[in-house]
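Some notes on the structure that comes next.
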Amino acid sequence: MALLVAVLLLAAAVLASLAVGSREIALGTVLDALRGTGANPQDVLVVRELRVPRTLVGIAVGVALGLSGALMQALTRNPLADPGLLGVNAGAAAAMVTAVGVLGLTSRLQLVWAALLGAAVVSVAVYLLGATGRGGATPVRLALAGTAISAALYAYVSGQVLLDTRTFDRFRFWQVGTLAGHDLSVAAQLLPFFAVGTVLGLSQARALNALALGEDSGRALGAHVGRTRVLTAVAVTLLCGAATAAAGPIAFVGLAVPHLVRALTGPDQRWVLPLSCVLSPALLLTGDVLGRVVVRPGELEVSIVTAILGAPVLIALVRRRRLAQL
Amino acid sequence: MDTRLRGEGLTLAYDDRTIARDLGVEIPDGSFTVIIGPNACGKSTLLRALARMLRPRRGSVFLDGEQIHSLPGKEVARRLGLLPQTATAPDGITVADLVARGRFPHQGLLRQWSREDERAVDAAMAWTRVADLADRTVDELSGGQRQRVWIAMALAQDTPILLLDEPTTYLDIAHQIEVLNLCAQLHEEQDRTLVAVLHDLNHAARYATHLIAMKDGAVMAQGDPARVVTAELVEAVFGLPCVVVPDPETGTPLVVPRARTSRLGRDAGHQPGPPPDRAPAPGRV
Amino acid sequence: MSAASLDGTVPRPPVADRARAGRTVRAGRRLSVRVEGRTVTVCGLLLVLLAAVVSVSLTTGDYPLSVPDVLRTLLGRGDGAQEFIVLGLRLPRVVTGLLVGLALGVAGAVFQLVTRNPLGSPDVIGFTSGAVTGALVVLLVLQLGGWAVSLGALAGGGLAAAVVYALSSRGGVQGYRLILVGIGTSAVLQAVNSYLLTRSRVEDAQSAQVWITGSLNGRGWEQAAPLGIGLAVLLPVLLAAGRALTVLDLGDDAARALGVDVGRTRALVLVLATALTALAATAAGPVAFVALAAPQVARRLTRAVGAGLVPAGLTGALMLLVSDLAAQRVFAPTQLPVGVVTGAVGGLYLAWLLVSQWRRGRG
């Protein structure tokens, strides 16, 4: 039931994302343009070259953020855990300022790959650090290791940024996070990461449910603790890394959507994960559409709108309900 | 009957969920009072109210004739101790250190560790036979040892009245009896007033000097177990058909559930006892 | 009851005291203070290291001075130039750094205890994001500087923290709800911060970024003095409440059974810790990571259970001073803000500490 409502919400958000912008286009015209039979060539151009890629990137990023956030919180059983905790955002940011400030790269696509590489390298490093010694990579260790490494990397980032104005300028816009300015090639290149990450992440729902009862109970129920942790961490890295590479670090969505979903469904990961996958892009696209509307002809970045939109909902839910704790 | 601790007209509720209405209980001084009743009948809630954990919606709990909620927390904690179900041992804490935390209500900023504290902690650990474990960390103990350590902490608090919320849950039968013997010994040799919530009717009947039977947030009966525990009462409170016979060891009432009226005779006598309280959940860790 | 009566053994040396490897310092009948061996040693070592770092900070720089020179100057017998450099420039900066680190370390320890979360820090309640918003409004919108920035930060942070407390308290402050409301509030504020940073001239935004990072550059007595007075008032109260905090560790019900007013204690220490954070932020900006890392490092050094406010504060102070020294000297003549280095130093040290501890199979 909740899933159905969420899917409808997502569909509405997708249509709005195609139709609304600095140039209003009627829904009928949008559908015509998608079929390639639009009367007005300019409308067709806007829809097919700008709105469609932006919407697709929005869906992919939204799914990735929501799912990786839910996975991360299930894995660490810590309500403060956002996907950035594994060092993904810090790695992407460090790679980004290195690419701009040291290597002098400028093209969008180059930066996407740099960010993805940085995210991957750093999250592997965090995992290795967390897995040192006996006991393996427990959630608390991962969280601490990720926090420590992220702090060091952000220090590097802010050093670079403060020393070089050009890097700072680029970085401050990257840091906000936006869905604008993509063509389909970026989405196409990142698609394998999104796809593998999503399938892998969703497949861990039952194992994570078992682990939620504690490590020993999880084992007793037949879950492979080590394997589940590694696979979940891989899924989080793929999803969050690709999302951050595509749209910058959009922090709040991954953190808040799973909390919203848990308030609706309770703690069963078999519901939390898919519902996060659907609700998160709906929130992201709604935020993106509103961002195009509220300060027309300018735009507000999607991350700003989603935070201002989503936070009051989160707080209201937290205040009203008996919380399904992690 | 002298009573330092009693509740009058208690209506107890969490948020908007009312657990019990208009309860009246008296805890006789020097008694070993046991509260029994089916799951979710409000027995733990009553214990929390008696211990000043929960403010009653209506009515009051009186300690030594004063409203317990008008007394300062530390003052109450010097007269009345509670071992809750939900206590957690901080990571890596040693047994001696945990037991020493029980001295908190007796300490102040300028009086952090007196000889009196030391004596109380040593005595509590000796009583509960955990002195040899003093240097071990609580994490590495078995369930029975851990429970003794928690009781030691409550003992170190050195209060004339001690409340225990399900002290035998998650223990095997030998450790359950060990803990109950310890309680009985405390009650007899130190003249402390003990109030415990227990699950096992037969344990309650054997150890209690005063029994309070609850159902659906109301007190069904209270008094001497020998008079209170009857087949009619057990049937009324737990919905369990049974016979009550004298305990061959102590002569106290022994509740024996009736055999299932089975078509297969061999199944008779395999009747389960009262169900466990709730699904497996971590106890005191 | 006595230890000997039950099991018939001969009375032994008091188990309780032996087990905790602690010592009790007594004065007369009424005064007794518990100290634990390892904690005392660690705190002593931290103090020695602090003294060393302070003397390095006071003696080295563009104008090197010998230790005797500095001591003479401190006693009021140096020449004019020395007096200006030591008393006017270096000492206030060192004192500010020391106090900021102390405040952040203690505040972090309190937050991690109350929220029972190793990731807890004053950031959790939205204070930091609010302070940044306040400062950015003053810097970028009102185009003011100096004291106005500190006031803006204080107002923004205080407002944010008040909102978070108000929204999360429903019959007492509860850890989990506090964290979630804090997340929500911080997210909104960070969105506003990003908006302000991207909608202003790049040069203005960059100098605002310096404040956000946290810096001790150019800090004088006018920052150190109010900070010192504030700490002198707040720290004793917090340390007194710290005893109740160790009992809070046993769970809410157990703490109540021991006579602690759980809700009030929690609210009191949170307010005090927030005030400490606020003082630190007005003096140096929101210096990153000290509040989060210092308690973790201190806990692992002392291996103590419980509050550990003092070691956490000393660790924080040391972390900040070492970082500031590095910020001044490593990239000289460029003066980096200290917040850049605290993240690097604190992060790497925490990582190293974690690895070495996990290798030995602990924690």
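Order determines the names: the first chain of the structure tokens is A, the second B, and so forth; residues in each chain are numbered 1 upward, and ligands are numbered 1 upward as they are shown.
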
Discussion item. Please list as a ChimeraX atom specification every residue within 9 Å of Arg108 of chain A, counting only C-alpha atoms and excluding residues in the same chain fewer than 3 positions away.
Written reply: /A:105,111-113,181-182,186

May I have the residues from that selection written out with N, CA and C atoms, as a PDB file, in the first residue's frame?
ATOM      1  N   LEU A 105      42.227  19.695 -14.352  1.00  0.00           N
ATOM      2  CA  LEU A 105      41.141  19.159 -15.170  1.00  0.00           C
ATOM      3  C   LEU A 105      39.912  20.058 -15.043  1.00  0.00           C
ATOM      4  N   LEU A 111      35.756  15.163 -14.281  1.00  0.00           N
ATOM      5  CA  LEU A 111      35.548  15.327 -12.842  1.00  0.00           C
ATOM      6  C   LEU A 111      34.662  14.221 -12.280  1.00  0.00           C
ATOM      7  N   VAL A 112      33.679  13.788 -13.072  1.00  0.00           N
ATOM      8  CA  VAL A 112      32.824  12.690 -12.616  1.00  0.00           C
ATOM      9  C   VAL A 112      33.666  11.452 -12.340  1.00  0.00           C
ATOM     10  N   TRP A 113      34.559  11.154 -13.290  1.00  0.00           N
ATOM     11  CA  TRP A 113      35.379   9.954 -13.105  1.00  0.00           C
ATOM     12  C   TRP A 113      36.356  10.128 -11.956  1.00  0.00           C
ATOM     13  N   GLY A 181      22.715  20.245 -15.832  1.00  0.00           N
ATOM     14  CA  GLY A 181      23.926  20.285 -16.636  1.00  0.00           C
ATOM     15  C   GLY A 181      24.444  18.939 -17.103  1.00  0.00           C
ATOM     16  N   HIS A 182      23.599  17.898 -17.074  1.00  0.00           N
ATOM     17  CA  HIS A 182      24.072  16.605 -17.566  1.00  0.00           C
ATOM     18  C   HIS A 182      23.509  16.341 -18.945  1.00  0.00           C
ATOM     19  N   VAL A 186      26.707  10.955 -19.432  1.00  0.00           N
ATOM     20  CA  VAL A 186      27.123  10.731 -18.046  1.00  0.00           C
ATOM     21  C   VAL A 186      26.255   9.659 -17.413  1.00  0.00           C
TER      22      VAL A 186
END

Return the neighbours of chain A among the residues of chain C, cut-off 7 Å, counting only C-alpha atoms, as a compact mmCIF listing (two decimals) with N, CA and C atoms, in the first residue's frame.
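New file result_20.txt:
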# COMPACT_ATOMS: atom_id res chain seq x y z
N SER C 168 12.94 18.50 20.51
CA SER C 168 13.20 17.10 20.85
C SER C 168 12.81 16.76 22.28
N ARG C 177 15.93 10.80 19.92
CA ARG C 177 15.13 11.85 19.30
C ARG C 177 15.96 13.10 19.09
N VAL C 181 16.33 15.00 15.47
CA VAL C 181 15.91 16.40 15.30
C VAL C 181 17.13 17.24 14.93
N GLY C 184 17.91 16.87 11.27
CA GLY C 184 16.99 17.64 10.43
C GLY C 184 17.30 19.12 10.44
N THR C 185 17.48 19.67 11.65
CA THR C 185 17.76 21.10 11.75
C THR C 185 19.07 21.45 11.06
N ALA C 187 20.47 19.96 8.64
CA ALA C 187 20.36 19.88 7.19
C ALA C 187 19.81 21.17 6.61
N VAL C 188 18.78 21.71 7.25
CA VAL C 188 18.21 22.97 6.77
C VAL C 188 19.27 24.07 6.81
N ALA C 191 21.89 23.76 4.21
CA ALA C 191 21.37 24.19 2.91
C ALA C 191 21.45 25.70 2.79
N SER C 194 25.10 26.68 2.24
CA SER C 194 25.55 26.48 0.86
C SER C 194 25.00 27.58 -0.03
N THR C 198 27.33 30.10 -2.23
CA THR C 198 27.36 30.09 -3.70
C THR C 198 26.79 31.37 -4.29
N VAL C 202 33.26 35.41 -4.99
CA VAL C 202 34.12 34.30 -4.62
C VAL C 202 35.13 34.70 -3.54
N GLN C 206 35.41 32.99 0.08
CA GLN C 206 36.62 32.32 0.53
C GLN C 206 37.04 32.80 1.92
N PHE C 289 36.26 18.68 14.38
CA PHE C 289 36.74 17.36 14.73
C PHE C 289 37.31 17.20 16.14
N VAL C 340 41.97 23.42 9.55
CA VAL C 340 42.46 22.53 8.50
C VAL C 340 43.29 21.42 9.12
N VAL C 341 44.12 21.81 10.09
CA VAL C 341 45.08 20.85 10.61
C VAL C 341 44.45 19.94 11.67
N GLY C 343 41.64 18.57 11.69
CA GLY C 343 41.07 17.44 10.98
C GLY C 343 42.16 16.45 10.59
N ALA C 344 43.24 16.95 10.02
CA ALA C 344 44.31 16.07 9.56
C ALA C 344 44.99 15.39 10.74
N GLY C 347 42.38 13.29 12.74
CA GLY C 347 41.92 12.15 11.96
C GLY C 347 42.98 11.08 11.84
N LEU C 348 44.20 11.49 11.48
CA LEU C 348 45.26 10.51 11.30
C LEU C 348 45.62 9.86 12.62
N LEU C 350 43.73 9.50 15.27
CA LEU C 350 42.66 8.59 15.68
C LEU C 350 42.75 7.29 14.88
N ALA C 351 43.01 7.42 13.57
CA ALA C 351 43.12 6.22 12.74
C ALA C 351 44.27 5.34 13.24
N VAL C 355 43.92 1.53 14.78
CA VAL C 355 44.60 0.37 14.18
C VAL C 355 45.45 -0.33 15.22
N TRP C 358 43.24 -2.19 17.61
CA TRP C 358 42.57 -3.36 17.03
C TRP C 358 43.57 -4.47 16.75
N ARG C 359 44.80 -4.09 16.39
CA ARG C 359 45.82 -5.10 16.16
C ARG C 359 46.04 -5.92 17.41
N GLY C 361 43.98 -6.50 19.47
CA GLY C 361 42.79 -7.30 19.75
C GLY C 361 41.88 -6.71 20.80

Worksheet entry | Residues of chain B within 8 Å of chain C, only C-alpha atoms counted, as an MDAnalysis selection string | chainID B and resid 51 53 72:78 80:84 86:94 96:97 100:102 104:105 109:114 118:119 121:123 126:127 131 134:135 157 190

Worksheet item: What is the distance between atom CA of Leu272 of chain C and atom CA of Gly214 of chain C, in Å to one decimal?
Response: 21.3 Å

Discussion item. I need the residues in segment 21-54 of chain A that are alpha helix (DSSP H) according to DSSP; give them as a list in words.
Written reply: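 Filtering segment 21-54 of chain A to alpha helix (DSSP H) leaves Leu27, Gly28, Thr29, Val30, Leu31, Asp32, Ala33, Leu34, Arg35, Pro41, Gln42, Asp43, Val44, Leu45, Val52, Pro53 and Arg54 of chain A.
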
Writer output for current selection, N, CA and C atoms, as an mmCIF file, in the first residue's frame:
data_model
loop_
_atom_site.group_PDB
_atom_site.id
_atom_site.type_symbol
_atom_site.label_atom_id
_atom_site.label_comp_id
_atom_site.auth_asym_id
_atom_site.auth_seq_id
_atom_site.Cartn_x
_atom_site.Cartn_y
_atom_site.Cartn_z
ATOM 1 N N LEU A 27 1.723 19.154 -20.482
ATOM 2 C CA LEU A 27 1.993 17.719 -20.407
ATOM 3 C C LEU A 27 1.829 17.030 -21.762
ATOM 4 N N GLY A 28 0.770 17.433 -22.506
ATOM 5 C CA GLY A 28 0.548 16.849 -23.812
ATOM 6 C C GLY A 28 1.740 17.070 -24.728
ATOM 7 N N THR A 29 2.253 18.293 -24.681
ATOM 8 C CA THR A 29 3.408 18.623 -25.506
ATOM 9 C C THR A 29 4.609 17.781 -25.108
ATOM 10 N N VAL A 30 4.765 17.566 -23.789
ATOM 11 C CA VAL A 30 5.881 16.749 -23.318
ATOM 12 C C VAL A 30 5.806 15.364 -23.926
ATOM 13 N N LEU A 31 4.597 14.772 -23.858
ATOM 14 C CA LEU A 31 4.449 13.414 -24.387
ATOM 15 C C LEU A 31 4.704 13.384 -25.881
ATOM 16 N N ASP A 32 4.200 14.414 -26.584
ATOM 17 C CA ASP A 32 4.479 14.507 -28.015
ATOM 18 C C ASP A 32 5.974 14.569 -28.269
ATOM 19 N N ALA A 33 6.653 15.401 -27.476
ATOM 20 C CA ALA A 33 8.089 15.585 -27.686
ATOM 21 C C ALA A 33 8.827 14.274 -27.455
ATOM 22 N N LEU A 34 8.375 13.511 -26.426
ATOM 23 C CA LEU A 34 9.031 12.236 -26.155
ATOM 24 C C LEU A 34 8.867 11.281 -27.331
ATOM 25 N N ARG A 35 7.687 11.375 -27.986
ATOM 26 C CA ARG A 35 7.480 10.514 -29.148
ATOM 27 C C ARG A 35 8.144 11.089 -30.390
ATOM 28 N N PRO A 41 9.649 22.974 -32.317
ATOM 29 C CA PRO A 41 10.977 22.346 -32.231
ATOM 30 C C PRO A 41 11.732 22.751 -30.961
ATOM 31 N N GLN A 42 11.462 23.962 -30.463
ATOM 32 C CA GLN A 42 12.184 24.404 -29.271
ATOM 33 C C GLN A 42 11.749 23.593 -28.044
ATOM 34 N N ASP A 43 10.441 23.339 -27.947
ATOM 35 C CA ASP A 43 9.939 22.510 -26.859
ATOM 36 C C ASP A 43 10.553 21.122 -26.911
ATOM 37 N N VAL A 44 10.584 20.555 -28.105
ATOM 38 C CA VAL A 44 11.153 19.216 -28.271
ATOM 39 C C VAL A 44 12.588 19.208 -27.787
ATOM 40 N N LEU A 45 13.326 20.239 -28.165
ATOM 41 C CA LEU A 45 14.737 20.328 -27.803
ATOM 42 C C LEU A 45 14.893 20.381 -26.280
ATOM 43 N N VAL A 52 14.875 15.445 -20.080
ATOM 44 C CA VAL A 52 14.949 13.983 -19.957
ATOM 45 C C VAL A 52 16.242 13.544 -19.263
ATOM 46 N N PRO A 53 17.399 14.035 -19.721
ATOM 47 C CA PRO A 53 18.619 13.613 -19.007
ATOM 48 C C PRO A 53 18.581 13.992 -17.534
ATOM 49 N N ARG A 54 18.120 15.203 -17.267
ATOM 50 C CA ARG A 54 18.087 15.663 -15.882
ATOM 51 C C ARG A 54 17.182 14.776 -15.028
#

Discussion item. Set the distance at 12 Å and use only C-alpha atoms: which residues neighbour Pro281 of chain A once local chain neighbours fewer than 4 positions away are removed? I'd like the list as number ranges by chain.
Written reply: A: 6-14, 17, 55-67, 179, 243, 253-254, 257, 274-277, 285-289, 302, 306

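Atom pair atom CA of Val237 of chain B / atom CA of Tyr14 of chain B: separated by 23.1 Å.
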
Discussion item. Need to verify the contact set: Gln185 of chain B, 12 Å, only C-alpha atoms, exclusion of same-chain residues closer than 3 positions in sequence. Can you return it as a list in words?
Written reply: Phe32, Trp127, Thr128, Ile177, Glu178, Val179, Leu180, Asn181, Leu182, Glu188, Glu189, Gln190, Asp191, Arg192, Thr193, Leu194 and Tyr207 of chain B; Leu6 of chain C

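If you look at atom CA of Thr178 of chain A and atom CA of Ile179 of chain C, they are 26.7 Å away from each other.
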
Worksheet item: Smallest atom-to-atom distance to chain B: which of A:Arg227, A:Leu213, A:Leu290, A:Asp82, using only C-alpha atoms?
Response: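 Ranking A:Arg227, A:Leu213, A:Leu290, A:Asp82 by distance to chain B, first place goes to A:Leu213.
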
Worksheet item: Between C:Gly218, C:Pro286, C:Gly101, C:Gly80, which has the minimum distance to Gly313 of chain C (counting only C-alpha atoms)?
Response: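 Among C:Gly218, C:Pro286, C:Gly101, C:Gly80, it is C:Gly101 that comes nearest to Gly313 of chain C.
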